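Peer 1: One file is attached below, work_20.cif, containing mmCIF, C-alpha atoms.
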```
data_work
#
loop_
_atom_site.group_PDB
_atom_site.id
_atom_site.type_symbol
_atom_site.label_atom_id
_atom_site.label_comp_id
_atom_site.auth_asym_id
_atom_site.auth_seq_id
_atom_site.Cartn_x
_atom_site.Cartn_y
_atom_site.Cartn_z
ATOM 1 C CA MET A 1 -12.973 85.835 -16.060
ATOM 2 C CA ARG A 2 -12.564 82.116 -15.524
ATOM 3 C CA LEU A 3 -11.819 81.505 -19.185
ATOM 4 C CA VAL A 4 -8.223 82.777 -19.058
ATOM 5 C CA PRO A 5 -6.882 80.374 -16.399
ATOM 6 C CA LEU A 6 -8.783 77.533 -18.077
ATOM 7 C CA LEU A 7 -7.049 78.238 -21.375
ATOM 8 C CA LEU A 8 -3.684 78.390 -19.646
ATOM 9 C CA MET A 9 -4.332 75.031 -18.014
ATOM 10 C CA LEU A 10 -5.244 73.383 -21.318
ATOM 11 C CA SER A 11 -2.166 74.847 -22.965
ATOM 12 C CA GLY A 12 0.015 73.377 -20.244
ATOM 13 C CA LEU A 13 -1.559 69.958 -20.637
ATOM 14 C CA THR A 14 -0.976 69.987 -24.397
ATOM 15 C CA ALA A 15 2.706 70.842 -23.976
ATOM 16 C CA GLN A 16 3.228 67.940 -21.583
ATOM 17 C CA ALA A 17 1.148 65.385 -23.490
ATOM 18 C CA ALA A 18 3.843 63.731 -25.609
ATOM 19 C CA GLU A 19 6.130 61.241 -23.882
ATOM 20 C CA THR A 20 9.482 60.974 -25.659
ATOM 21 C CA LEU A 21 10.773 57.473 -26.402
ATOM 22 C CA ARG A 22 14.420 57.078 -27.428
ATOM 23 C CA ILE A 23 14.826 54.255 -29.955
ATOM 24 C CA ALA A 24 18.333 52.975 -30.738
ATOM 25 C CA THR A 25 18.670 50.585 -33.656
ATOM 26 C CA ALA A 26 20.965 49.464 -36.405
ATOM 27 C CA GLU A 27 19.815 49.843 -40.003
ATOM 28 C CA TYR A 28 17.857 46.836 -41.306
ATOM 29 C CA LEU A 29 16.317 46.785 -44.779
ATOM 30 C CA GLY A 30 12.570 46.332 -44.437
ATOM 31 C CA TYR A 31 12.776 46.583 -40.655
ATOM 32 C CA ALA A 32 14.436 49.862 -39.645
ATOM 33 C CA GLU A 33 15.477 52.207 -42.428
ATOM 34 C CA PRO A 34 16.916 55.753 -42.157
ATOM 35 C CA SER A 35 13.930 56.987 -44.187
ATOM 36 C CA GLY A 36 11.742 56.142 -41.185
ATOM 37 C CA LYS A 37 10.195 53.125 -42.874
ATOM 38 C CA GLY A 38 10.378 49.489 -41.763
ATOM 39 C CA TYR A 39 8.465 46.847 -39.835
ATOM 40 C CA TYR A 40 10.093 47.617 -36.471
ATOM 41 C CA LEU A 41 9.399 51.340 -36.762
ATOM 42 C CA ASP A 42 5.824 50.891 -38.007
ATOM 43 C CA LEU A 43 5.187 48.498 -35.128
ATOM 44 C CA LEU A 44 6.525 50.958 -32.565
ATOM 45 C CA ARG A 45 4.353 53.740 -33.995
ATOM 46 C CA LYS A 46 1.292 51.510 -33.689
ATOM 47 C CA ILE A 47 2.054 50.596 -30.092
ATOM 48 C CA TYR A 48 3.208 54.064 -29.020
ATOM 49 C CA PRO A 49 1.113 56.383 -31.242
ATOM 50 C CA ALA A 50 1.274 60.141 -31.599
ATOM 51 C CA PRO A 51 0.360 62.496 -30.064
ATOM 52 C CA ALA A 52 0.690 60.589 -26.783
ATOM 53 C CA TYR A 53 4.234 59.494 -27.704
ATOM 54 C CA GLN A 54 7.077 61.013 -29.681
ATOM 55 C CA LEU A 55 9.628 58.555 -31.081
ATOM 56 C CA LYS A 56 13.205 59.785 -31.408
ATOM 57 C CA ILE A 57 15.029 57.220 -33.520
ATOM 58 C CA ARG A 58 18.823 57.025 -33.588
ATOM 59 C CA PHE A 59 20.607 54.737 -36.049
ATOM 60 C CA VAL A 60 23.872 53.308 -34.730
ATOM 61 C CA PRO A 61 25.722 49.979 -35.065
ATOM 62 C CA TYR A 62 24.022 47.139 -33.205
ATOM 63 C CA GLU A 63 26.598 46.806 -30.430
ATOM 64 C CA ARG A 64 26.463 50.529 -29.712
ATOM 65 C CA ALA A 65 22.652 50.425 -29.612
ATOM 66 C CA ARG A 66 22.803 47.587 -27.095
ATOM 67 C CA MET A 67 25.257 49.521 -24.929
ATOM 68 C CA MET A 68 23.017 52.592 -25.081
ATOM 69 C CA LEU A 69 20.113 50.541 -23.772
ATOM 70 C CA GLU A 70 22.189 49.102 -20.948
ATOM 71 C CA ALA A 71 23.480 52.580 -20.034
ATOM 72 C CA GLY A 72 19.975 54.028 -19.943
ATOM 73 C CA SER A 73 20.546 56.447 -22.834
ATOM 74 C CA ALA A 74 17.979 54.578 -24.955
ATOM 75 C CA ASP A 75 14.548 53.305 -23.961
ATOM 76 C CA ILE A 76 13.911 50.628 -26.602
ATOM 77 C CA LEU A 77 16.143 48.452 -28.777
ATOM 78 C CA PRO A 78 14.562 46.298 -31.506
ATOM 79 C CA SER A 79 16.159 42.906 -32.254
ATOM 80 C CA THR A 80 18.170 42.466 -29.081
ATOM 81 C CA ASN A 81 19.534 39.537 -27.027
ATOM 82 C CA ASN A 82 21.630 38.538 -30.066
ATOM 83 C CA LEU A 83 18.652 36.626 -31.478
ATOM 84 C CA GLN A 84 17.946 37.135 -35.185
ATOM 85 C CA ALA A 85 14.533 36.147 -36.510
ATOM 86 C CA ASN A 86 15.039 36.640 -40.221
ATOM 87 C CA LYS A 87 16.936 34.738 -42.909
ATOM 88 C CA ILE A 88 20.662 34.348 -42.318
ATOM 89 C CA LEU A 89 23.519 33.603 -44.699
ATOM 90 C CA LEU A 90 25.239 30.567 -43.276
ATOM 91 C CA SER A 91 27.274 27.637 -44.475
ATOM 92 C CA ALA A 92 25.664 24.313 -43.628
ATOM 93 C CA GLN A 93 28.953 23.075 -42.200
ATOM 94 C CA MET A 94 31.135 25.572 -40.347
ATOM 95 C CA THR A 95 33.631 23.323 -38.569
ATOM 96 C CA GLY A 96 37.136 24.654 -39.179
ATOM 97 C CA MET A 97 35.837 27.579 -41.246
ATOM 98 C CA ARG A 98 36.633 31.293 -41.027
ATOM 99 C CA VAL A 99 33.325 32.879 -40.065
ATOM 100 C CA GLY A 100 32.552 36.609 -39.954
ATOM 101 C CA ALA A 101 29.640 38.540 -38.421
ATOM 102 C CA GLN A 102 28.920 42.075 -37.242
ATOM 103 C CA ILE A 103 30.057 43.155 -33.787
ATOM 104 C CA GLY A 104 27.655 42.139 -31.039
ATOM 105 C CA TYR A 105 25.804 39.401 -32.942
ATOM 106 C CA ALA A 106 27.512 36.604 -30.953
ATOM 107 C CA PHE A 107 26.502 33.779 -33.287
ATOM 108 C CA THR A 108 28.814 31.397 -31.454
ATOM 109 C CA GLU A 109 26.123 31.142 -28.786
ATOM 110 C CA TYR A 110 23.931 29.287 -31.300
ATOM 111 C CA ALA A 111 26.486 26.574 -31.990
ATOM 112 C CA PRO A 112 28.922 26.324 -29.061
ATOM 113 C CA ASP A 113 30.082 22.828 -30.059
ATOM 114 C CA ILE A 114 31.241 23.863 -33.538
ATOM 115 C CA ARG A 115 34.922 24.711 -33.675
ATOM 116 C CA MET A 116 35.349 27.610 -36.062
ATOM 117 C CA ASP A 117 37.484 30.709 -36.511
ATOM 118 C CA TYR A 118 34.790 33.229 -35.570
ATOM 119 C CA GLN A 119 35.435 36.961 -36.040
ATOM 120 C CA GLU A 120 33.214 40.000 -35.484
ATOM 121 C CA LYS A 121 33.767 43.161 -37.528
ATOM 122 C CA THR A 122 32.135 46.565 -37.964
ATOM 123 C CA SER A 123 31.594 46.584 -41.736
ATOM 124 C CA LEU A 124 29.343 44.155 -43.611
ATOM 125 C CA PRO A 125 30.580 45.305 -47.063
ATOM 126 C CA SER A 126 34.174 44.676 -45.986
ATOM 127 C CA MET A 127 33.305 41.174 -44.787
ATOM 128 C CA LEU A 128 31.653 40.379 -48.118
ATOM 129 C CA GLU A 129 34.760 41.590 -49.916
ATOM 130 C CA MET A 130 36.812 39.293 -47.677
ATOM 131 C CA LEU A 131 34.432 36.466 -48.591
ATOM 132 C CA ALA A 132 34.876 37.139 -52.310
ATOM 133 C CA ALA A 133 38.668 37.302 -51.835
ATOM 134 C CA ASN A 134 38.656 33.955 -49.985
ATOM 135 C CA ARG A 135 39.748 35.546 -46.724
ATOM 136 C CA LEU A 136 36.516 34.375 -45.073
ATOM 137 C CA ASP A 137 34.543 31.198 -45.685
ATOM 138 C CA VAL A 138 31.197 32.265 -44.195
ATOM 139 C CA VAL A 139 29.425 35.561 -43.451
ATOM 140 C CA LEU A 140 26.445 35.585 -41.103
ATOM 141 C CA ASP A 141 23.812 38.307 -41.470
ATOM 142 C CA TYR A 142 20.336 39.146 -42.755
ATOM 143 C CA GLU A 143 19.679 38.004 -46.303
ATOM 144 C CA ALA A 144 17.911 41.277 -47.111
ATOM 145 C CA GLU A 145 21.038 43.197 -46.106
ATOM 146 C CA MET A 146 23.362 40.856 -47.993
ATOM 147 C CA LYS A 147 21.731 40.694 -51.420
ATOM 148 C CA PRO A 148 22.119 44.327 -52.564
ATOM 149 C CA LEU A 149 25.717 44.384 -51.340
ATOM 150 C CA LEU A 150 26.559 41.103 -53.074
ATOM 151 C CA ALA A 151 25.186 42.467 -56.335
ATOM 152 C CA LYS A 152 27.814 45.239 -56.217
ATOM 153 C CA LEU A 153 30.771 42.883 -55.861
ATOM 154 C CA PRO A 154 32.906 42.479 -59.015
ATOM 155 C CA SER A 155 33.004 38.731 -58.523
ATOM 156 C CA GLN A 156 30.466 36.499 -56.786
ATOM 157 C CA ALA A 157 32.038 33.204 -57.823
ATOM 158 C CA GLY A 158 31.485 30.469 -55.254
ATOM 159 C CA ILE A 159 29.244 32.586 -52.981
ATOM 160 C CA VAL A 160 26.104 30.653 -52.083
ATOM 161 C CA ILE A 161 23.157 31.802 -50.002
ATOM 162 C CA LYS A 162 21.968 29.304 -47.393
ATOM 163 C CA PRO A 163 18.676 30.729 -46.056
ATOM 164 C CA ALA A 164 16.901 29.931 -42.782
ATOM 165 C CA VAL A 165 19.686 27.781 -41.360
ATOM 166 C CA LEU A 166 19.370 29.589 -38.038
ATOM 167 C CA THR A 167 16.035 30.912 -36.798
ATOM 168 C CA LYS A 168 15.597 32.441 -33.374
ATOM 169 C CA PRO A 169 12.821 34.436 -31.704
ATOM 170 C CA LEU A 170 12.984 38.197 -32.041
ATOM 171 C CA TYR A 171 12.891 40.342 -28.910
ATOM 172 C CA PHE A 172 12.548 44.044 -28.258
ATOM 173 C CA GLY A 173 14.701 45.249 -25.371
ATOM 174 C CA PHE A 174 13.582 47.864 -22.860
ATOM 175 C CA VAL A 175 15.579 50.050 -20.514
ATOM 176 C CA GLY A 176 16.015 48.444 -17.086
ATOM 177 C CA LYS A 177 14.064 50.970 -15.046
ATOM 178 C CA PRO A 178 10.484 51.183 -13.731
ATOM 179 C CA ARG A 179 9.702 53.195 -16.851
ATOM 180 C CA GLY A 180 11.014 50.348 -18.970
ATOM 181 C CA ALA A 181 8.676 47.915 -17.234
ATOM 182 C CA GLN A 182 5.735 50.178 -18.045
ATOM 183 C CA LEU A 183 6.789 50.466 -21.686
ATOM 184 C CA LYS A 184 7.190 46.701 -21.940
ATOM 185 C CA ALA A 185 3.767 46.058 -20.385
ATOM 186 C CA ARG A 186 2.129 48.286 -22.980
ATOM 187 C CA PHE A 187 4.189 46.703 -25.759
ATOM 188 C CA ASP A 188 3.145 43.162 -24.803
ATOM 189 C CA ALA A 189 -0.531 44.074 -24.445
ATOM 190 C CA GLU A 190 -0.757 45.998 -27.720
ATOM 191 C CA LEU A 191 1.310 43.416 -29.612
ATOM 192 C CA ALA A 192 -1.157 40.689 -28.614
ATOM 193 C CA LYS A 193 -4.030 42.800 -29.964
ATOM 194 C CA LEU A 194 -2.234 43.435 -33.251
ATOM 195 C CA LYS A 195 -1.466 39.746 -33.682
ATOM 196 C CA GLN A 196 -5.047 38.690 -32.936
ATOM 197 C CA SER A 197 -6.478 41.192 -35.434
ATOM 198 C CA GLY A 198 -4.042 40.207 -38.182
ATOM 199 C CA GLU A 199 -2.586 43.721 -38.287
ATOM 200 C CA LEU A 200 0.831 42.510 -37.117
ATOM 201 C CA LYS A 201 1.274 40.233 -40.129
ATOM 202 C CA ARG A 202 0.004 42.945 -42.466
ATOM 203 C CA LEU A 203 2.648 45.349 -41.109
ATOM 204 C CA PHE A 204 5.345 42.727 -41.620
ATOM 205 C CA LEU A 205 4.345 41.826 -45.184
ATOM 206 C CA ALA A 206 4.074 45.479 -46.225
ATOM 207 C CA TYR A 207 7.788 45.309 -47.119
ATOM 208 C CA PRO A 208 8.702 43.012 -50.055
ATOM 209 C CA SER A 209 12.186 42.397 -48.620
ATOM 210 C CA ASN A 210 10.653 40.653 -45.564
ATOM 211 C CA ASN A 211 10.350 36.942 -46.213
ATOM 212 C CA PRO A 212 6.904 35.565 -45.243
ATOM 213 C CA ASP A 213 8.572 32.466 -43.768
ATOM 214 C CA ALA A 214 10.273 34.667 -41.170
ATOM 215 C CA PHE A 215 6.975 35.756 -39.637
ATOM 216 C CA PRO A 216 6.484 33.898 -36.311
ATOM 217 C CA PRO A 217 3.494 31.533 -36.087
#
```
Output the file's structure in the form of structure tokens.
Peer 2:
Amino acid sequence: MRLVPLLLMLSGLTAQAAETLRIATAEYLGYAEPSGKGYYLDLLRKIYPAPAYQLKIRFVPYERARMMLEAGSADILPSTNNLQANKILLSAQMTGMRVGAQIGYAFTEYAPDIRMDYQEKTSLPSMLEMLAANRLDVVLDYEAEMKPLLAKLPSQAGIVIKPAVLTKPLYFGFVGKPRGAQLKARFDAELAKLKQSGELKRLFLAYPSNNPDAFPP
């Protein structure tokens, strides 16, 4: 007779076990891909594993992902604070140049003393076409994202890749609520364990498009 309520109790616990985490991110080759693969996504699955957590990943442009986090409609945003940790296409001398980057990247914060015509746009392919047509002098973005798009351009004359000119720490952003503080505390603790065991570097190097030099010491 006691077995029935016990089974009902266990069933209720199972239904409530998974905590849903809303992840908002732009698409990054080797980091966050629509297929569900990528260093960021693998890292999040390690830190917030099933069945305790259920990750709901939404791919949107970076600026929209940042706004979602600030509005509380997302819980976690990889690669936030406008700090990019991977290789970047950048001219060594940007003074007086027409520079393009994706909306929300705010690269002017890295070099406030350089006077340049800085523009932010929504489409990376369009910016590369502008670069090829001499309507831009510099495009700032991830090298892994640039290379396949450059290969599709009819003409690449004069386009030069300048890798690792800017390197900045990479941060994950968390929603500004008590829940966000709890998620961040777990993230920091588990990340330290992964780094100490060497698993963090293994996750990063699992994708050939990720440059080993971009892995933080």
Peer 1: Out of A:Gly104, A:Pro154, A:Pro208, A:Pro51, which residue has the shortest atom-to-atom distance to A:Gly38 when counting only C-alpha atoms?
Peer 2: A:Pro208
Peer 1: Centre and edge lengths of an axis-aligned box around all listed atoms of stretch 50-69 of chain A, with 3 Å added on each side, are to be given in Å to one decimal, as JSON.
Peer 2:
```
{"center_x": 13.5, "center_y": 54.7, "center_z": -29.9, "size_x": 32.2, "size_y": 21.7, "size_z": 18.3}
```
Peer 1: Just give me the gap between atom CA of A:Thr122 and atom CA of A:Ile103 in Å, one decimal is fine.
Peer 2: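 Those two atoms sit 5.8 Å apart.
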Peer 1: Rounded to one decimal place, report the atom CA of A:Ala26-atom CA of A:Arg115 distance in Å.
Peer 2: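 Separation of atom CA of A:Ala26 and atom CA of A:Arg115: 28.5 Å.
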Peer 1: Could you jot down the atom CA of A:Met130 to atom CA of A:Pro34 separation for me, Å, one decimal place?
Peer 2: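 So the two atoms, atom CA of A:Met130 and atom CA of A:Pro34, lie 26.4 Å apart.
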